[in-house]
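Student: Here you go, one structure.
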Amino acid sequence: MCGIAGIIHRQGSAHIGTEVTSMLQSMKHRGPDSTGFALYGPPSDLVVMRFTLADPRTVTDYGYVERLERSRSEVESRLAKIGANVERMNGETSYAYRALIRYEGELKALADYVEDVPGVEILSLGSSLEIVKDLGDAENVAEQYDLSTFEGTHAIGHVRMATESDVDISGAHPYWAYPFSDVAVVHNGQLTNYHHWRRRLERSGHRFQSECDSEIIAVYLAERMGEGLSLEVAMKTSLEEFDGVFTYLVVTKDSLGMAKDSMAAKPLVLFESADVVAMASEEGAIHAVLPDAVETFDPYEGEVLVWSL
Amino acid sequence: MEPVTQQTTSQAPARTVYDARGLVEPHADVPKISVIADGRASFDASELSTRQINRELRWLLYDEGVTDLTVRKTGSKHSIGAGLLLRATITVEGSLGYFGFGIIDGPEVHITGRVGWSVCENMMSGVVVIDGNAGSCTGAAIRGGDLVVRGSMGARTGIDQKGGLILNGGNAGSNTGFMMQRGHQIHCGNVGPGLGDSMYDGTIYVGGTVASLGVDCVEAELDDSDEEYLERKLGLYDIERADSFRKFVCAKKLWNYDNLEPSERKLVL
């Protein structure tokens with residue numbers, strides 16, 4: 001089933017960590033397996049990298065702690081070798097880290113070099129995007145990663161009911177649009193021409209972190225925008241080129257968009273005002289952060305809407 | 001697993017139990033928090049779970065003999081008011097989530113907010129008036145009664161509709177009247193693509209534009225009885241009439257069925 005949510009404050013920063021946590025927690029019944037957030041803080045001249053050294057379900061045998069420490073050291077060493085100056089690195093759990101890096105080179109080269117370390121997965125890379133995802137419900141994940149203090153302008157989130165792949169961080173949403181910075185997607189539904197698009201995008205030189213069809217959307221949109229299309233046009237093109245039933249949300253450095261396929265078979269409820277736009281699979285999630293009497297509506301089939309800061 | 005903090009009501013602390021997937025299901029004692037006077041009752045649902053709201057509704061209507069009740073602050077919870085099989089007047093001050101007032105037979109319901117997907121699914125009789133918008137699959141498989149939405153509605157309105165009326169003051173999405181079998185739909189605004197796709201029977205009136213017709217749906221001539229029906233129903237619920245309506249029915253090119261009730265068919269056979 002899964003649940004998706006998004007919020008954008010068009011007039012400035014807000015406590016988006018707390019807000020998206022409340023929205024996702026109210027949809028816990030739609031997906032109790034894992035929860036993920038893509039949050040946009042104030043843009044920085046540093047690169048923010050969120051990465052994991054292992055999956056939380058990795059067997060913690062006698063060598064586990066040492067292996068994680070070796071992996072972390074190897075990541076630091078490779079960052080240094082590629083010319084990235086680590087200004088700060090925090091371990092938020094034993095396996096998940098947040099690093100602030102001063103780096104002027106190509107992000108793809110950095111991502112490929114770091115992810116070459118066995119077990120390491122980069123969740124997000126960009127000047128303001130931070131993806132946090134882990135097993136459990138929204139409140140558990142938010143507490144683990146201290147999201148209550150996160151302030152920013154816009155965010156999306158996802159609660160997952162695992163159906164076609166494992167319950168692990170790789171299968172959790174949101175997906176970063178590797179190797180493009182600051183683009184992320186959450187998705188509710190199923191793409192039936194997944195393998196077709198995966199082969200096409202792989203032939204263009206992209207690689208994928210997971211077997212999940214949602215990752216295709218993120219990379220597809222980023223590639224189209226890389227070709228010069230606007231976010232909105234790229235999303236409209238996606239409705240023509242993807243088969244299946246789906247509703248997805250996409251965020252970039254300064255925008256949040258939603259798209260619904262022509263069958264309109266996956267729900268989304270939307271509230272829009274001059275200051276804030278909020279959307280979710282269920283209206284209860286909007287009410288979790290906004291007053292009860294708001295006027296909400298369902299976008300129609302084949303609809304693409306984009307809001308910018 | 002640690003127990004999750006229970007929502008509070010005016011009742012004694014409730015036990016916390018879990019369903020098969022480990023989700024919290026509050027204990028379903030009847031909250032009995034309503035104010036009751038002269039056959040009328042009201043309660044605030046903001047602190048109640050779905051199950052508690054429904055238990056309170058059934059207690060009031062079936063055990064206490066209340067015939068006019070108001071529920072406040074429903075908070076878009078799902079499956080509220082399902083399975084009420086009696087005559088009563090119910091006002092919901094707020095919005096509902098999915099499957100609100102499904103499988104009902106008799107009540108007159110007024111919802112001041114909006115509703116999610118599949119409101120009134122399988123309604124047998126009664127009247128449900130929604131002041132706001134409705135999600136997709138509005139009035140799926142209704143058998144009778146009047147379902148009135150003053151706002152707009154999503155896709156697949158009245159899918160598998162078997163009777164009754166769906167009256168829409170605004171626009172509707174794609175596949176409106178999909179596999180409709182009987183009954184009426186009135187849409188004062190525009191409808192999306194695939195109107196009346198694979199419908200067997202029934203009548204759909206549209207006051208705005210039609211993006212496209214579905215398979216085996218055709219436009220028909222609007223006669224005096226149609227005009228009278230539209231006038232009566234729109235007037236009854238005080239919905240502003242579109243300038244002109246068009247009528248859509250099944251072309252019956254793919255039609256291989258009779259329209260007899262099962263009991264009638266037995267008599268014929």
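In the structure tokens, chains take the letters A, B, ... in the order shown, each chain's residues start at 1, and ligands count up from 1 in the order shown.
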May I have the residues of chain B within 10 Å of chain A, counting only C-alpha atoms, written as a ChimeraX atom specification?

Tutor: /B:21-24,73-78,93-98,112-117,132-137,151-156,171-175,192-193

Student: Set the distance at 7 Å and use only C-alpha atoms: which residues neighbour segment 214-229 of chain B once local chain neighbours fewer than 2 positions away are removed? I'd like the list as a VMD selection string.

Tutor: chain B and resid 194 to 199 212 231 to 233 246 to 254

Student: Per DSSP on the backbone, filter segment 5-246 of chain B down to the residues in strand (DSSP E) and report them as a ChimeraX atom specification.

Tutor: /B:16-18,24-26,35-37,40-44,68-72,89-93,105-111,125-130,146-149,162-168,182-187,203-206,217-220,246

Student: Distance atom CA of Val119 of chain B-atom CA of Phe99 of chain B, one decimal place?

Tutor: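 Between atom CA of Val119 of chain B and atom CA of Phe99 of chain B the gap works out to 4.8 Å.
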